[in-house]
Amino acid sequence: MKKYILNKHIRYRKEDGYILVCDCKRLLDYEMPLEYFDLLELFKNGYMYEETNKEVMKELFELRIIEEKGKERGDVREDIFSKLGYDENEFV
């Protein structure tokens, strides 16, 4: 069975009615329903794949919020600043 853990760059917290998930490396924020807070807590120490959470785990894996234990992604050089939008006229 595969065991999944949180990506080391992920931080999350409870807000009023939702969970705010932040990928601090890629500067991305996500909102999740509050019902998945316990699931995120389980990923801290490692969580085995279960059919009941199949869709949620698939989406979290595709968003790079979780990863397989032992197969953590190496540091990939990403141009995170390409995702930032700004107008050249903003700067003097």
# chains A, B, ... in the order shown; residues from 1 in each chain; ligands from 1
>>> select_by_dssp(residues="chain A", states="strand (DSSP E)", output="MDAnalysis selection string")
chainID A and resid 3:6 10:14 18:23 28:33 47:48 66:68
>>> write_last_selection(atoms="N, CA and C atoms", output="compact mmCIF listing (two decimals), in the first residue's frame")
# COMPACT_ATOMS: atom_id res chain seq x y z
N LYS A 3 1.85 5.03 0.92
CA LYS A 3 1.69 5.93 2.04
C LYS A 3 1.95 7.35 1.53
N TYR A 4 1.09 8.28 1.90
CA TYR A 4 1.20 9.66 1.42
C TYR A 4 1.49 10.60 2.57
N ILE A 5 2.27 11.64 2.27
CA ILE A 5 2.60 12.67 3.26
C ILE A 5 2.37 14.05 2.64
N LEU A 6 2.33 15.07 3.49
CA LEU A 6 2.23 16.45 3.00
C LEU A 6 3.53 16.88 2.35
N ILE A 10 3.99 22.92 2.18
CA ILE A 10 2.57 23.18 2.41
C ILE A 10 2.34 23.62 3.85
N ARG A 11 1.57 24.68 4.01
CA ARG A 11 1.11 25.16 5.31
C ARG A 11 -0.40 25.34 5.21
N TYR A 12 -1.10 25.08 6.30
CA TYR A 12 -2.56 25.23 6.27
C TYR A 12 -3.05 25.65 7.65
N ARG A 13 -4.26 26.22 7.64
CA ARG A 13 -4.89 26.63 8.90
C ARG A 13 -6.40 26.69 8.71
N LYS A 14 -7.08 26.56 9.84
CA LYS A 14 -8.54 26.67 9.82
C LYS A 14 -8.94 28.13 9.75
N TYR A 18 -13.78 27.25 6.30
CA TYR A 18 -12.95 26.60 5.29
C TYR A 18 -11.53 26.44 5.80
N ILE A 19 -10.72 25.71 5.04
CA ILE A 19 -9.30 25.53 5.35
C ILE A 19 -8.51 26.31 4.30
N LEU A 20 -7.58 27.13 4.74
CA LEU A 20 -6.70 27.85 3.84
C LEU A 20 -5.41 27.06 3.72
N VAL A 21 -5.09 26.62 2.51
CA VAL A 21 -3.89 25.83 2.24
C VAL A 21 -2.97 26.68 1.38
N CYS A 22 -1.71 26.79 1.79
CA CYS A 22 -0.75 27.62 1.07
C CYS A 22 0.45 26.78 0.64
N ASP A 23 0.79 26.85 -0.62
CA ASP A 23 2.02 26.26 -1.13
C ASP A 23 3.04 27.39 -1.13
N LEU A 28 1.06 29.71 -4.10
CA LEU A 28 -0.31 29.40 -4.47
C LEU A 28 -1.15 29.18 -3.22
N ASP A 29 -2.37 29.66 -3.23
CA ASP A 29 -3.30 29.47 -2.13
C ASP A 29 -4.51 28.69 -2.61
N TYR A 30 -5.01 27.81 -1.75
CA TYR A 30 -6.18 27.01 -2.05
C TYR A 30 -7.13 27.09 -0.87
N GLU A 31 -8.42 26.93 -1.14
CA GLU A 31 -9.42 26.82 -0.09
C GLU A 31 -10.03 25.44 -0.18
N MET A 32 -10.19 24.79 0.98
CA MET A 32 -10.80 23.48 1.05
C MET A 32 -11.94 23.51 2.05
N PRO A 33 -12.93 22.63 1.86
CA PRO A 33 -14.00 22.55 2.86
C PRO A 33 -13.43 22.11 4.21
N TYR A 47 -0.15 8.72 5.63
CA TYR A 47 -1.51 8.19 5.57
C TYR A 47 -1.58 7.20 4.42
N MET A 48 -2.16 6.04 4.71
CA MET A 48 -2.30 5.00 3.70
C MET A 48 -3.46 5.33 2.77
N ILE A 66 0.05 16.76 -1.57
CA ILE A 66 0.58 15.54 -0.96
C ILE A 66 1.49 14.85 -1.97
N GLU A 67 2.32 13.94 -1.44
CA GLU A 67 3.22 13.17 -2.29
C GLU A 67 3.45 11.81 -1.65
N GLU A 68 3.91 10.87 -2.45
CA GLU A 68 4.17 9.53 -1.93
C GLU A 68 5.39 9.55 -1.03
>>> select_by_dssp(residues="chain A", states="helix (DSSP H, G or I)", output="PyMOL selection string")
chain A and resi 34-45+51-62+80-83+88-90
>>> write_last_selection(atoms="C-alpha atoms", output="JSON list (two decimals), in the first residue's frame")
[["chain", "number", "residue", "atom", "x", "y", "z"],
["A", 34, "LEU", "CA", -13.58, 22.32, 6.63],
["A", 35, "GLU", "CA", -14.53, 18.63, 6.60],
["A", 36, "TYR", "CA", -11.07, 17.71, 5.24],
["A", 37, "PHE", "CA", -9.08, 19.22, 8.12],
["A", 38, "ASP", "CA", -8.70, 15.85, 9.88],
["A", 39, "LEU", "CA", -7.51, 14.29, 6.62],
["A", 40, "LEU", "CA", -4.76, 16.94, 6.29],
["A", 41, "GLU", "CA", -3.73, 16.23, 9.88],
["A", 42, "LEU", "CA", -3.33, 12.53, 9.01],
["A", 43, "PHE", "CA", -0.99, 13.41, 6.14],
["A", 44, "LYS", "CA", 1.50, 15.00, 8.57],
["A", 45, "ASN", "CA", 2.76, 11.60, 9.76],
["A", 51, "GLU", "CA", -10.89, 4.09, -1.43],
["A", 52, "THR", "CA", -13.19, 6.32, 0.63],
["A", 53, "ASN", "CA", -10.97, 9.37, 0.03],
["A", 54, "LYS", "CA", -9.94, 8.41, -3.50],
["A", 55, "GLU", "CA", -11.17, 11.56, -5.31],
["A", 56, "VAL", "CA", -9.82, 13.98, -2.70],
["A", 57, "MET", "CA", -6.44, 12.29, -2.55],
["A", 58, "LYS", "CA", -6.16, 12.27, -6.35],
["A", 59, "GLU", "CA", -6.84, 16.01, -6.49],
["A", 60, "LEU", "CA", -4.42, 16.78, -3.64],
["A", 61, "PHE", "CA", -1.73, 14.74, -5.40],
["A", 62, "GLU", "CA", -2.26, 16.56, -8.70],
["A", 80, "ILE", "CA", 7.55, 31.24, -9.64],
["A", 81, "PHE", "CA", 7.69, 34.88, -10.63],
["A", 82, "SER", "CA", 6.17, 34.12, -14.04],
["A", 83, "LYS", "CA", 2.85, 33.53, -12.22],
["A", 88, "GLU", "CA", 5.29, 47.84, -15.85],
["A", 89, "ASN", "CA", 3.70, 51.24, -15.21],
["A", 90, "GLU", "CA", 3.35, 50.38, -11.50]]
